[in-house]
$ cat run.cif   # mmCIF, C-alpha atoms
data_my_file
#
loop_
_atom_site.label_atom_id
_atom_site.label_comp_id
_atom_site.auth_asym_id
_atom_site.auth_seq_id
_atom_site.Cartn_x
_atom_site.Cartn_y
_atom_site.Cartn_z
CA MET A 84 38.85 -29.06 120.85
CA LEU A 85 39.10 -27.79 117.27
CA MET A 86 35.51 -26.52 117.41
CA LYS A 87 36.22 -24.61 120.67
CA ILE A 88 39.25 -22.90 119.11
CA PHE A 89 37.17 -22.04 116.04
CA LEU A 90 34.37 -20.47 118.12
CA PHE A 91 36.82 -18.60 120.36
CA THR A 92 38.60 -17.12 117.31
CA VAL A 93 35.30 -15.99 115.77
CA ILE A 94 34.19 -14.32 119.02
CA ILE A 95 37.47 -12.43 119.38
CA LEU A 96 37.43 -11.27 115.75
CA VAL A 97 33.80 -10.12 115.90
CA GLY A 98 34.35 -8.30 119.17
CA THR A 99 37.39 -6.50 117.81
CA VAL A 100 35.67 -5.40 114.60
CA ILE A 101 32.50 -4.23 116.38
CA LYS A 102 34.58 -2.22 118.83
CA CYS A 103 36.46 -0.57 115.97
CA ASN A 104 33.22 0.20 114.15
CA ALA A 105 31.80 1.88 117.23
CA GLN A 106 34.78 4.22 117.32
CA ILE A 107 34.30 5.56 113.79
CA LYS A 108 31.34 7.59 112.60
CA GLU A 109 31.50 6.58 108.99
CA ALA A 110 32.98 3.31 107.71
CA LYS A 111 35.54 3.69 104.96
CA PRO A 112 35.45 1.33 101.95
CA SER A 113 37.29 -1.89 102.75
CA LYS A 114 39.93 -3.41 100.54
CA PHE A 115 40.41 -6.83 102.12
CA PHE A 116 38.26 -9.43 103.85
CA PHE A 117 38.53 -12.59 105.92
CA SER A 118 35.82 -15.22 106.39
CA THR A 119 35.39 -18.45 108.31
CA GLY A 120 32.54 -20.94 108.52
CA PHE A 121 31.46 -24.32 109.82
CA GLY A 122 28.68 -26.48 108.37
CA LEU A 123 27.68 -29.71 106.65
CA GLY A 124 28.97 -31.45 103.54
CA GLY A 125 28.00 -34.36 101.33
CA ASN A 126 30.59 -36.50 99.54
CA PHE A 127 29.72 -38.55 96.44
CA PHE A 128 33.13 -40.21 96.20
CA VAL A 129 32.92 -42.01 99.56
CA ARG A 130 29.63 -43.70 98.53
CA ASP A 131 30.90 -44.96 95.16
CA TYR A 132 32.83 -48.02 96.36
CA ASP A 133 31.86 -51.61 95.55
CA GLU A 134 31.84 -53.69 98.73
CA ALA A 135 30.21 -56.77 97.18
CA LEU A 136 31.74 -60.16 98.05
CA PRO A 137 33.80 -61.84 95.29
CA PHE A 138 31.63 -64.98 95.75
CA PRO A 139 29.05 -66.04 98.39
CA SER A 140 31.35 -68.19 100.52
CA SER A 141 34.19 -65.70 100.53
CA GLU A 142 36.06 -65.02 103.76
CA TYR A 143 36.80 -61.51 102.54
CA LYS A 144 34.83 -58.42 103.58
CA SER A 145 35.64 -54.80 102.77
CA PHE A 146 34.60 -51.57 104.44
CA PHE A 147 35.45 -48.63 102.19
CA LYS A 148 32.29 -46.51 102.15
CA LYS A 149 31.69 -43.61 104.56
CA ASN A 150 28.58 -41.72 105.55
CA PHE A 151 27.47 -39.28 102.85
CA ILE A 152 26.92 -36.45 105.37
CA GLY A 153 29.95 -34.99 107.12
CA THR A 154 31.32 -31.74 108.49
CA VAL A 155 32.94 -28.80 106.69
CA GLN A 156 35.28 -26.12 108.05
CA GLU A 157 36.52 -23.28 105.88
CA VAL A 158 38.72 -20.20 106.12
CA SER A 159 39.35 -17.77 103.27
CA ALA A 160 40.70 -14.30 102.58
CA GLY A 161 40.56 -12.01 99.61
CA ILE A 162 40.50 -8.62 97.96
CA HIS A 163 37.53 -6.47 96.99
CA LEU A 164 38.04 -5.54 93.34
CA LYS A 165 35.98 -3.09 91.29
CA LYS A 166 32.33 -3.49 90.22
CA GLY A 167 31.36 -5.86 93.03
CA ILE A 168 33.92 -8.54 92.18
CA ASP A 169 35.98 -10.31 94.86
CA LEU A 170 39.16 -12.34 94.44
CA ASN A 171 39.45 -14.95 97.17
CA PHE A 172 41.69 -17.82 98.26
CA GLY A 173 41.01 -20.33 100.97
CA TYR A 174 41.19 -23.75 102.59
CA SER A 175 38.31 -26.15 103.25
CA ARG A 176 38.44 -29.31 105.34
CA GLN A 177 35.69 -31.86 104.78
CA ARG A 178 35.46 -34.89 107.06
CA PHE A 179 33.30 -38.01 106.58
CA THR A 180 33.23 -41.01 108.92
CA ARG A 181 31.74 -44.46 109.37
CA LYS A 182 31.54 -46.64 112.44
CA VAL A 183 32.25 -50.30 111.63
CA ILE A 184 31.26 -53.00 114.11
CA VAL A 185 31.47 -56.62 112.92
CA GLU A 186 31.16 -59.76 115.01
CA ASP A 187 30.87 -62.76 112.71
CA ASN A 188 31.83 -66.37 112.11
CA LEU A 189 33.54 -66.96 108.77
CA PRO A 190 32.92 -70.13 106.69
CA SER A 191 36.15 -71.55 108.12
CA ASN A 192 34.65 -71.31 111.65
CA VAL A 193 36.94 -68.43 112.54
CA SER A 194 35.39 -65.77 114.78
CA VAL A 195 36.15 -62.18 113.78
CA LEU A 196 35.57 -59.00 115.75
CA MET A 197 36.06 -55.57 114.17
CA ASP A 198 35.28 -52.35 116.02
CA LEU A 199 36.72 -49.21 114.46
CA LYS A 200 35.84 -45.83 112.97
CA ILE A 201 37.12 -45.06 109.48
CA HIS A 202 37.47 -41.56 108.07
CA HIS A 203 37.78 -39.77 104.76
CA VAL A 204 39.21 -36.25 104.96
CA ASP A 205 39.38 -33.87 102.00
CA ASN A 206 41.87 -31.03 102.33
CA ILE A 207 40.88 -28.51 99.64
CA TRP A 208 42.83 -25.41 98.62
CA PHE A 209 40.85 -23.16 96.32
CA GLY A 210 40.89 -19.81 94.54
CA GLY A 211 38.28 -18.01 92.50
CA LEU A 212 36.22 -14.93 91.68
CA THR A 213 32.87 -13.88 93.17
CA LYS A 214 30.33 -11.41 91.81
CA ASN A 215 28.24 -9.55 94.42
CA TYR A 216 24.83 -7.89 94.09
CA SER A 217 23.91 -5.57 96.96
CA ARG A 218 20.50 -4.32 98.04
CA ARG A 219 20.59 -2.33 101.27
CA LYS A 220 21.92 -4.73 103.90
CA ASN A 221 21.41 -7.82 101.76
CA ILE A 222 24.17 -9.16 99.50
CA TYR A 223 23.68 -11.97 96.98
CA SER A 224 26.64 -13.51 95.19
CA TRP A 225 27.76 -16.29 92.89
CA GLY A 226 31.23 -17.40 91.96
CA SER A 227 33.48 -20.08 90.56
CA GLY A 228 37.10 -21.15 90.64
CA ILE A 229 39.55 -24.02 90.76
CA PHE A 230 40.79 -26.21 93.60
CA TRP A 231 43.42 -28.77 94.49
CA LEU A 232 42.43 -31.68 96.72
CA ARG A 233 44.53 -33.92 98.95
CA ALA A 234 42.51 -36.68 100.59
CA GLN A 235 43.23 -39.09 103.43
CA GLN A 236 41.26 -42.31 102.89
CA GLN A 237 40.97 -44.97 105.60
CA GLU A 238 39.76 -48.50 104.82
CA GLY A 239 39.02 -51.67 106.74
CA GLU A 240 39.08 -55.28 105.50
CA ILE A 241 38.60 -58.78 106.85
CA TYR A 242 40.54 -61.53 105.05
CA THR A 243 40.77 -65.17 106.22
CA GLY A 244 40.25 -64.14 109.83
CA TYR A 245 42.62 -61.17 109.82
CA VAL A 246 41.48 -57.58 110.34
CA ILE A 247 43.34 -55.19 108.01
CA PHE A 248 43.39 -51.44 108.41
CA ARG A 249 45.05 -49.19 105.84
CA GLU A 250 45.25 -45.50 104.99
CA ARG A 251 45.73 -44.09 101.50
CA LYS A 252 46.51 -40.60 100.26
CA LEU A 253 44.86 -39.27 97.11
CA GLU A 254 45.35 -36.08 95.08
CA ASP A 255 43.30 -34.47 92.35
CA GLY A 256 42.12 -31.13 90.99
CA GLY A 257 38.90 -29.65 89.78
CA ALA A 258 36.54 -26.71 89.58
CA TYR A 259 33.82 -25.42 91.87
CA VAL A 260 30.80 -23.11 91.81
CA GLN A 261 29.12 -21.40 94.72
CA LEU A 262 26.10 -19.32 95.72
CA ALA A 263 25.90 -17.20 98.85
CA TYR A 264 23.74 -14.79 100.79
CA GLU A 265 25.08 -12.24 103.28
CA TYR A 266 23.49 -9.85 105.75
CA ARG A 267 25.44 -6.73 106.66
CA TYR A 268 25.20 -6.99 110.45
CA GLN A 269 27.70 -4.17 110.98
CA PRO A 270 29.49 -1.92 108.45
CA LYS A 271 32.43 -4.35 108.47
CA VAL A 272 30.78 -7.53 109.74
CA HIS A 273 28.72 -9.79 107.46
CA ILE A 274 26.84 -12.98 108.40
CA GLY A 275 26.03 -15.35 105.58
CA LEU A 276 25.16 -18.77 104.23
CA LYS A 277 27.13 -20.36 101.38
CA GLY A 278 26.60 -23.43 99.20
CA GLN A 279 29.40 -24.98 97.10
CA PHE A 280 29.63 -27.76 94.52
CA PHE A 281 33.00 -29.41 93.74
CA TRP A 282 33.68 -31.26 90.48
CA ILE A 283 36.77 -33.38 89.68
CA LEU A 284 38.01 -32.52 86.18
CA SER A 285 40.37 -35.44 85.55
CA GLY A 286 37.71 -38.08 86.17
CA SER A 287 34.73 -35.89 85.23
CA TYR A 288 32.64 -36.74 88.30
CA PRO A 289 31.16 -34.83 91.26
CA GLU A 290 33.28 -34.83 94.41
CA SER A 291 31.20 -33.12 97.09
CA VAL A 292 28.76 -30.41 98.11
CA ALA A 293 28.91 -28.09 101.11
CA LEU A 294 26.48 -25.82 102.94
CA ALA A 295 27.79 -23.66 105.75
CA PRO A 296 26.93 -20.48 107.65
CA TYR A 297 29.89 -18.11 107.90
CA ILE A 298 31.04 -14.75 109.15
CA LYS A 299 33.01 -12.29 107.02
CA LEU A 300 35.07 -9.39 108.31
CA ASP A 301 36.14 -6.44 106.16
CA PHE A 302 39.25 -4.46 106.93
#
$ encode --input "run.cif" --output "structure tokens"
Amino acid sequence: MLMKIFLFTVIILVGTVIKCNAQIKEAKPSKFFFSTGFGLGGNFFVRDYDEALPFPSSEYKSFFKKNFIGTVQEVSAGIHLKKGIDLNFGYSRQRFTRKVIVEDNLPSNVSVLMDLKIHHVDNIWFGGLTKNYSRRKNIYSWGSGIFWLRAQQQEGEIYTGYVIFRERKLEDGGAYVQLAYEYRYQPKVHIGLKGQFFWILSGSYPESVALAPYIKLDF
């Protein structure tokens, strides 16, 4: 459902901008922009858990890790400053999942069945500066900034025959860098591909990477 709304919004925005561009002979310099994208992400944090048993005969099992590859959705807006520099602010949602299916007999002869899907969702608010280098219809850029992260972490456990499900909320901040390429499809419509790398400052460790195609509209 969320993906359908995303695609519908992009189609409406592109159609509106293209129609406006067709009505003007010469595009005026734009001051503001809006972009949205959908792609893939990789999360280092969700693979860094220790799920080893306390001792071989333990009746405890934990399921904390998620798949490294997940999905990324992003929206951002900003201002075109002077000398090819953009100031932008945005929101990125990264989602990583894992399907857990366990049917086992514990050492105490207790049968356990676990069938659930656990998620890790990073809600990232970011702001930064981007430097653009234009060559005809091709635009190359790099940038950096800071972000604040609020994560929803789901976990599953089996302990003495009981299935335990819990959800935790985490918060942290950090810095990010990005590289991007854009093609000027229309005077005010750009299609691009962006890569980002997020680093947690407080713990000094990598959080995630993202690679997503996007569309940017100037106005």
$ atom_distance --input "run.cif" --atom1 "CA of Glu238 in chain A" --atom2 "CA of Tyr259 in chain A"
27.1 Å
$ residues_around --input "run.cif" --residues "range 277-280 of chain A" --least-positions-apart "6" --cutoff "7 Å" --atoms "all atoms listed in the file" --output "VMD selection string"
chain A and resid 259 to 264 291 to 296
$ atom_distance --input "run.cif" --atom1 "CA of Phe121 in chain A" --atom2 "CA of Ile207 in chain A"
14.5 Å
$ residues_near_point --input "run.cif" --point "(40.8, -37.2, 93.5)" --cutoff "9 Å" --atoms "all atoms listed in the file" --output "list of chain:residue names"
A:Phe128, A:Trp231, A:Leu232, A:Arg233, A:Ala234, A:Leu253, A:Glu254, A:Asp255, A:Gly256, A:Gly257, A:Ile283, A:Ser285, A:Gly286, A:Glu290
$ atom_distance --input "run.cif" --atom1 "CA of Tyr297 in chain A" --atom2 "CA of Gln156 in chain A"
9.7 Å
$ closest_residue --input "run.cif" --among "A:Ala160, A:Asp187, A:Gly167, A:Phe172" --to "Ile229 in chain A" --atoms "only C-alpha atoms"
A:Phe172
$ resolve_selection --input "run.cif" --expression "the PyMOL selection byres ((chain A and resi 194-204) around 10)" --output "PDB file with C-alpha atoms, in the frame of the given file"
ATOM      1  CA  ASN A 126      30.590 -36.500  99.540  1.00  0.00           C
ATOM      2  CA  PHE A 128      33.130 -40.210  96.200  1.00  0.00           C
ATOM      3  CA  VAL A 129      32.920 -42.010  99.560  1.00  0.00           C
ATOM      4  CA  PHE A 146      34.600 -51.570 104.440  1.00  0.00           C
ATOM      5  CA  PHE A 147      35.450 -48.630 102.190  1.00  0.00           C
ATOM      6  CA  LYS A 148      32.290 -46.510 102.150  1.00  0.00           C
ATOM      7  CA  LYS A 149      31.690 -43.610 104.560  1.00  0.00           C
ATOM      8  CA  ASN A 150      28.580 -41.720 105.550  1.00  0.00           C
ATOM      9  CA  GLY A 153      29.950 -34.990 107.120  1.00  0.00           C
ATOM     10  CA  THR A 154      31.320 -31.740 108.490  1.00  0.00           C
ATOM     11  CA  VAL A 155      32.940 -28.800 106.690  1.00  0.00           C
ATOM     12  CA  ARG A 176      38.440 -29.310 105.340  1.00  0.00           C
ATOM     13  CA  GLN A 177      35.690 -31.860 104.780  1.00  0.00           C
ATOM     14  CA  ARG A 178      35.460 -34.890 107.060  1.00  0.00           C
ATOM     15  CA  PHE A 179      33.300 -38.010 106.580  1.00  0.00           C
ATOM     16  CA  THR A 180      33.230 -41.010 108.920  1.00  0.00           C
ATOM     17  CA  ARG A 181      31.740 -44.460 109.370  1.00  0.00           C
ATOM     18  CA  LYS A 182      31.540 -46.640 112.440  1.00  0.00           C
ATOM     19  CA  VAL A 183      32.250 -50.300 111.630  1.00  0.00           C
ATOM     20  CA  ILE A 184      31.260 -53.000 114.110  1.00  0.00           C
ATOM     21  CA  VAL A 185      31.470 -56.620 112.920  1.00  0.00           C
ATOM     22  CA  GLU A 186      31.160 -59.760 115.010  1.00  0.00           C
ATOM     23  CA  ASP A 187      30.870 -62.760 112.710  1.00  0.00           C
ATOM     24  CA  ASN A 188      31.830 -66.370 112.110  1.00  0.00           C
ATOM     25  CA  LEU A 189      33.540 -66.960 108.770  1.00  0.00           C
ATOM     26  CA  PRO A 190      32.920 -70.130 106.690  1.00  0.00           C
ATOM     27  CA  SER A 191      36.150 -71.550 108.120  1.00  0.00           C
ATOM     28  CA  ASN A 192      34.650 -71.310 111.650  1.00  0.00           C
ATOM     29  CA  VAL A 193      36.940 -68.430 112.540  1.00  0.00           C
ATOM     30  CA  ASP A 205      39.380 -33.870 102.000  1.00  0.00           C
ATOM     31  CA  ASN A 206      41.870 -31.030 102.330  1.00  0.00           C
ATOM     32  CA  ILE A 207      40.880 -28.510  99.640  1.00  0.00           C
ATOM     33  CA  LEU A 232      42.430 -31.680  96.720  1.00  0.00           C
ATOM     34  CA  ARG A 233      44.530 -33.920  98.950  1.00  0.00           C
ATOM     35  CA  ALA A 234      42.510 -36.680 100.590  1.00  0.00           C
ATOM     36  CA  GLN A 235      43.230 -39.090 103.430  1.00  0.00           C
ATOM     37  CA  GLN A 236      41.260 -42.310 102.890  1.00  0.00           C
ATOM     38  CA  GLN A 237      40.970 -44.970 105.600  1.00  0.00           C
ATOM     39  CA  GLU A 238      39.760 -48.500 104.820  1.00  0.00           C
ATOM     40  CA  GLY A 239      39.020 -51.670 106.740  1.00  0.00           C
ATOM     41  CA  GLU A 240      39.080 -55.280 105.500  1.00  0.00           C
ATOM     42  CA  ILE A 241      38.600 -58.780 106.850  1.00  0.00           C
ATOM     43  CA  TYR A 242      40.540 -61.530 105.050  1.00  0.00           C
ATOM     44  CA  THR A 243      40.770 -65.170 106.220  1.00  0.00           C
ATOM     45  CA  GLY A 244      40.250 -64.140 109.830  1.00  0.00           C
ATOM     46  CA  TYR A 245      42.620 -61.170 109.820  1.00  0.00           C
ATOM     47  CA  VAL A 246      41.480 -57.580 110.340  1.00  0.00           C
ATOM     48  CA  ILE A 247      43.340 -55.190 108.010  1.00  0.00           C
ATOM     49  CA  PHE A 248      43.390 -51.440 108.410  1.00  0.00           C
ATOM     50  CA  ARG A 249      45.050 -49.190 105.840  1.00  0.00           C
ATOM     51  CA  GLU A 250      45.250 -45.500 104.990  1.00  0.00           C
ATOM     52  CA  ARG A 251      45.730 -44.090 101.500  1.00  0.00           C
ATOM     53  CA  LYS A 252      46.510 -40.600 100.260  1.00  0.00           C
TER      54      LYS A 252
END
